[in-house]
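Everything on this sheet refers to the single structure shown next.
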Amino acid sequence: MSTENSSDPVVAGGPADDPDADLRDRLADAVAAEAVFEGWCRTALSAASRRLELPTGEADRLFPGGAIQVLTFLSERADQRTVADMEREGVASLKIRDRIKRAVRIRLERHVGEREAVRRALALLSLPFNAPVSLRLLYKTVDAMWYAAGDKSTDFNFYTKRALLAGVYSSTLLYWLNDRTPGSEATWSFLDRRIEDVMQIEKWKSQVKSWTGGEVKSAKR
């Protein structure tokens with residue numbers, strides 16, 4: 001999903017009639033499992049290919065960009081699945097803050113993956129030459145969350161909402177990586193506090209608008 005057409009759902013993995021879709025899914029999952037031990041590298045891709053007993057060269061055909069392309073695929077697929085889960089749950093009846101909170105929680109609980117694989121993925125994405133990929137994936141994730149939350153903004157708020165959520169999601173993800181509480185309850189308490197911080201910023205923005213004579217638009221929160 002992009003700013004050029006923000007009303008379209010995220011699509012990961014290509015067209016629905018892609019004959020390689022199922023195999024690409026299975027290979028990506030296998031690479032993620034290997035990444036826990038090998039990291040996100042060609043070695044993990046090769047090991048995953050052997051596990052699935054793929055013909056020589058098949059893994060490179062499916063993911064010619066190597067492990068970083070697998071990471072991109074998995075992140076975009078997770079975005080797509082988060083949107084689908086939120087739509088199935090009918091989050092439209094919730095307040096905005098609760099929709100966003102639900103989006104972050106669904107993404108982390110169901111679609112982020114094994115903690116050690118995620119830790120290694122973040123290490124790879126933090127390298128300077130991977131910064132463009134890292135920023136693009138983060139943007140796509142928060143954009144998908146706002147899409148699932150029903151955001152229809154097209155003005156400057158479109159960008160500020162995504163910037164704020166990027167901070168909330170990133171900090172919550174890092175907190176989750178080191179959370180060992182039952183059911184990750186400490187993470188969800190942390191998320192509640194971060195969402196509340198954002199709500200305070202929104203209230204402050206509304207106050208500034210009122211002081212400067214700007215139009216204050218009410219929102220269901």
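The way I read the labels, and the way they are meant: chains A, B, ... in the order of the structure tokens, residue 1 as the first residue of every chain, and ligand 1 as the first ligand shown, with later ones counted on from there.
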What's around stretch 84-100 of chain A at 9 Å? Count only C-alpha atoms, leave out sequence neighbours fewer than 2 positions away in its own chain, and write the answer as a PyMOL selection string. chain A and resi 79-82+102-106+145-146+148-150+165+195-196+199+219-221
File dump, residues just selected, N, CA and C atoms, as a PDB file, in the first residue's frame:
```
ATOM      1  N   ASP A  79       1.620  -7.795   7.100  1.00  0.00           N
ATOM      2  CA  ASP A  79       0.754  -6.614   7.008  1.00  0.00           C
ATOM      3  C   ASP A  79      -0.612  -7.000   6.440  1.00  0.00           C
ATOM      4  N   GLN A  80      -0.575  -7.776   5.373  1.00  0.00           N
ATOM      5  CA  GLN A  80      -1.807  -8.207   4.718  1.00  0.00           C
ATOM      6  C   GLN A  80      -2.673  -9.029   5.665  1.00  0.00           C
ATOM      7  N   ARG A  81      -2.040  -9.921   6.399  1.00  0.00           N
ATOM      8  CA  ARG A  81      -2.798 -10.775   7.314  1.00  0.00           C
ATOM      9  C   ARG A  81      -3.341  -9.987   8.501  1.00  0.00           C
ATOM     10  N   THR A  82      -2.611  -8.973   8.939  1.00  0.00           N
ATOM     11  CA  THR A  82      -3.104  -8.124  10.025  1.00  0.00           C
ATOM     12  C   THR A  82      -4.366  -7.391   9.593  1.00  0.00           C
ATOM     13  N   ARG A 102      -5.413  -2.561  18.847  1.00  0.00           N
ATOM     14  CA  ARG A 102      -5.696  -3.924  18.386  1.00  0.00           C
ATOM     15  C   ARG A 102      -4.798  -4.284  17.210  1.00  0.00           C
ATOM     16  N   ALA A 103      -4.570  -3.335  16.313  1.00  0.00           N
ATOM     17  CA  ALA A 103      -3.721  -3.588  15.154  1.00  0.00           C
ATOM     18  C   ALA A 103      -2.303  -3.952  15.578  1.00  0.00           C
ATOM     19  N   VAL A 104      -1.732  -3.181  16.498  1.00  0.00           N
ATOM     20  CA  VAL A 104      -0.375  -3.453  16.958  1.00  0.00           C
ATOM     21  C   VAL A 104      -0.312  -4.810  17.647  1.00  0.00           C
ATOM     22  N   ARG A 105      -1.309  -5.083  18.453  1.00  0.00           N
ATOM     23  CA  ARG A 105      -1.302  -6.343  19.198  1.00  0.00           C
ATOM     24  C   ARG A 105      -1.449  -7.545  18.265  1.00  0.00           C
ATOM     25  N   ILE A 106      -2.334  -7.462  17.292  1.00  0.00           N
ATOM     26  CA  ILE A 106      -2.487  -8.550  16.321  1.00  0.00           C
ATOM     27  C   ILE A 106      -1.183  -8.778  15.563  1.00  0.00           C
ATOM     28  N   MET A 145      -1.857  -0.704   9.131  1.00  0.00           N
ATOM     29  CA  MET A 145      -2.620  -0.598  10.377  1.00  0.00           C
ATOM     30  C   MET A 145      -3.649   0.519  10.301  1.00  0.00           C
ATOM     31  N   TRP A 146      -3.238   1.669   9.789  1.00  0.00           N
ATOM     32  CA  TRP A 146      -4.195   2.775   9.663  1.00  0.00           C
ATOM     33  C   TRP A 146      -5.297   2.446   8.655  1.00  0.00           C
ATOM     34  N   ALA A 148      -6.492  -0.552   8.082  1.00  0.00           N
ATOM     35  CA  ALA A 148      -7.401  -1.466   8.773  1.00  0.00           C
ATOM     36  C   ALA A 148      -8.229  -0.751   9.829  1.00  0.00           C
ATOM     37  N   ALA A 149      -7.681   0.332  10.368  1.00  0.00           N
ATOM     38  CA  ALA A 149      -8.404   1.113  11.378  1.00  0.00           C
ATOM     39  C   ALA A 149      -9.429   2.052  10.756  1.00  0.00           C
ATOM     40  N   GLY A 150      -9.447   2.107   9.415  1.00  0.00           N
ATOM     41  CA  GLY A 150     -10.448   2.917   8.730  1.00  0.00           C
ATOM     42  C   GLY A 150     -10.032   4.339   8.460  1.00  0.00           C
ATOM     43  N   LEU A 165       2.459   6.573  14.727  1.00  0.00           N
ATOM     44  CA  LEU A 165       2.285   5.134  14.899  1.00  0.00           C
ATOM     45  C   LEU A 165       3.598   4.391  14.681  1.00  0.00           C
ATOM     46  N   ILE A 195       0.056   4.581  23.513  1.00  0.00           N
ATOM     47  CA  ILE A 195      -1.143   5.072  22.840  1.00  0.00           C
ATOM     48  C   ILE A 195      -1.683   6.295  23.582  1.00  0.00           C
ATOM     49  N   GLU A 196      -1.654   6.247  24.897  1.00  0.00           N
ATOM     50  CA  GLU A 196      -2.123   7.387  25.689  1.00  0.00           C
ATOM     51  C   GLU A 196      -1.243   8.612  25.436  1.00  0.00           C
ATOM     52  N   MET A 199      -2.428  10.123  22.274  1.00  0.00           N
ATOM     53  CA  MET A 199      -3.699  10.813  22.460  1.00  0.00           C
ATOM     54  C   MET A 199      -3.487  12.188  23.092  1.00  0.00           C
ATOM     55  N   ALA A 219     -12.953  13.850  16.858  1.00  0.00           N
ATOM     56  CA  ALA A 219     -12.708  12.475  16.413  1.00  0.00           C
ATOM     57  C   ALA A 219     -13.154  11.550  17.481  1.00  0.00           C
ATOM     58  N   LYS A 220     -13.659  10.386  17.086  1.00  0.00           N
ATOM     59  CA  LYS A 220     -14.072   9.365  18.038  1.00  0.00           C
ATOM     60  C   LYS A 220     -12.836   8.645  18.526  1.00  0.00           C
ATOM     61  N   ARG A 221     -12.504   8.794  19.819  1.00  0.00           N
ATOM     62  CA  ARG A 221     -11.305   8.192  20.370  1.00  0.00           C
ATOM     63  C   ARG A 221     -11.648   7.345  21.547  1.00  0.00           C
TER      64      ARG A 221
END
```
DSSP on the backbone: which residues in stretch 34-219 of chain A end up as alpha helix (DSSP H)? Give the answer as number ranges by chain. A: 34-38, 42-51, 58-62, 67-89, 96-111, 115-125, 131-148, 156-177, 185-211
Give me the residues within 9 Å of A:Tyr139 as a ChimeraX atom specification, counting only C-alpha atoms and dropping any in the same chain fewer than 3 places off. /A:2,134-136,142-144,162-163,166
Mind dumping the selected residues with N, CA and C atoms as a CSV table (one decimal), in the first residue's frame?
```csv
chain,number,residue,atom,x,y,z
A,2,SER,N,0.5,2.3,-0.7
A,2,SER,CA,1.3,3.4,-0.8
A,2,SER,C,0.5,4.7,-0.7
A,134,SER,N,14.4,-0.9,5.5
A,134,SER,CA,13.9,-0.9,6.9
A,134,SER,C,12.8,0.2,7.0
A,135,LEU,N,13.1,1.4,6.4
A,135,LEU,CA,12.1,2.5,6.5
A,135,LEU,C,10.8,2.2,5.7
A,136,ARG,N,11.1,1.6,4.5
A,136,ARG,CA,9.9,1.2,3.6
A,136,ARG,C,9.0,0.2,4.3
A,142,VAL,N,2.8,0.5,9.3
A,142,VAL,CA,1.9,1.4,9.9
A,142,VAL,C,0.8,1.9,9.0
A,143,ASP,N,1.1,2.0,7.7
A,143,ASP,CA,0.1,2.3,6.7
A,143,ASP,C,-1.0,1.3,6.7
A,144,ALA,N,-0.6,0.0,6.7
A,144,ALA,CA,-1.6,-1.1,6.8
A,144,ALA,C,-2.5,-1.0,8.0
A,162,ARG,N,0.9,8.4,10.6
A,162,ARG,CA,1.8,7.3,10.4
A,162,ARG,C,3.2,7.5,11.1
A,163,ALA,N,3.6,8.7,11.2
A,163,ALA,CA,4.9,9.0,11.9
A,163,ALA,C,4.7,8.7,13.4
A,166,ALA,N,4.5,4.9,13.8
A,166,ALA,CA,5.8,4.3,13.6
A,166,ALA,C,6.5,4.2,14.9
```
Neighbour list for A:Ile68 as a PyMOL selection string, cut-off 10 Å, only C-alpha atoms, skip fewer than 4 positions in-chain: chain A and resi 40-42+63-64+72-74+121+124-125+130+133
For atom CA of A:Ala78 and atom CA of A:His111, quote the distance in Å rounded to one decimal. 5.2 Å
Exercise: A:Ala35 partners within 10 Å, only C-alpha atoms, chain neighbours under 4 positions left out, as a PyMOL selection string: chain A and resi 29-31+39-45+47-48+67+114+116-121
Written selection (C-alpha atoms) as a compact mmCIF listing (two decimals), in the first residue's frame:
```txt
# COMPACT_ATOMS: atom_id res chain seq x y z
CA ASP A 29 8.46 -19.77 6.53
CA ALA A 30 11.28 -22.28 6.35
CA VAL A 31 13.86 -19.50 6.00
CA GLY A 39 20.54 -15.39 10.87
CA TRP A 40 19.04 -13.88 7.74
CA CYS A 41 21.56 -14.96 5.15
CA ARG A 42 22.16 -17.20 2.14
CA THR A 43 23.01 -20.05 4.48
CA ALA A 44 19.50 -19.92 5.95
CA LEU A 45 18.00 -19.80 2.46
CA ALA A 47 19.14 -24.77 4.52
CA ALA A 48 15.45 -23.99 4.02
CA ALA A 67 17.38 -13.28 2.61
CA GLU A 114 9.75 -16.08 16.65
CA GLU A 116 15.10 -14.65 18.00
CA ALA A 117 14.37 -14.52 14.26
CA VAL A 118 12.90 -11.04 14.74
CA ARG A 119 15.92 -9.93 16.77
CA ARG A 120 18.25 -11.08 14.00
CA ALA A 121 16.05 -9.44 11.37
```
Spatial neighbours of stretch 167-180 of chain A, max dist 7 Å, only C-alpha atoms, sep filter under 5 positions, as a PyMOL selection string: chain A and resi 104+115+186-187+190-191+194
Test item: residues at most 7 Å from A:Ala28, only C-alpha atoms, excluding those fewer than 4 positions along its chain, as a short mmCIF file (atom, residue, chain, number, x, y, z; two decimals) with N, CA and C atoms, in the first residue's frame:
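The result, stored in selection_9.cif:
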```
data_model
loop_
_atom_site.label_atom_id
_atom_site.label_comp_id
_atom_site.auth_asym_id
_atom_site.auth_seq_id
_atom_site.Cartn_x
_atom_site.Cartn_y
_atom_site.Cartn_z
N ARG A 24 6.34 -20.32 -2.43
CA ARG A 24 7.05 -19.15 -1.90
C ARG A 24 6.71 -18.93 -0.43
N ALA A 32 12.57 -18.39 7.75
CA ALA A 32 12.39 -17.76 9.06
C ALA A 32 12.78 -18.71 10.19
N VAL A 70 13.37 -12.22 1.30
CA VAL A 70 12.49 -13.06 2.10
C VAL A 70 11.91 -12.26 3.25
N LEU A 74 7.94 -11.55 3.94
CA LEU A 74 7.26 -11.93 5.18
C LEU A 74 6.63 -10.72 5.87
#
```
Just to confirm, what's the straight-line distance from atom CA of A:Ser189 to atom CA of A:Thr141 in Å (one decimal)?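 Rounded to one decimal, the two atoms are 21.2 Å apart.
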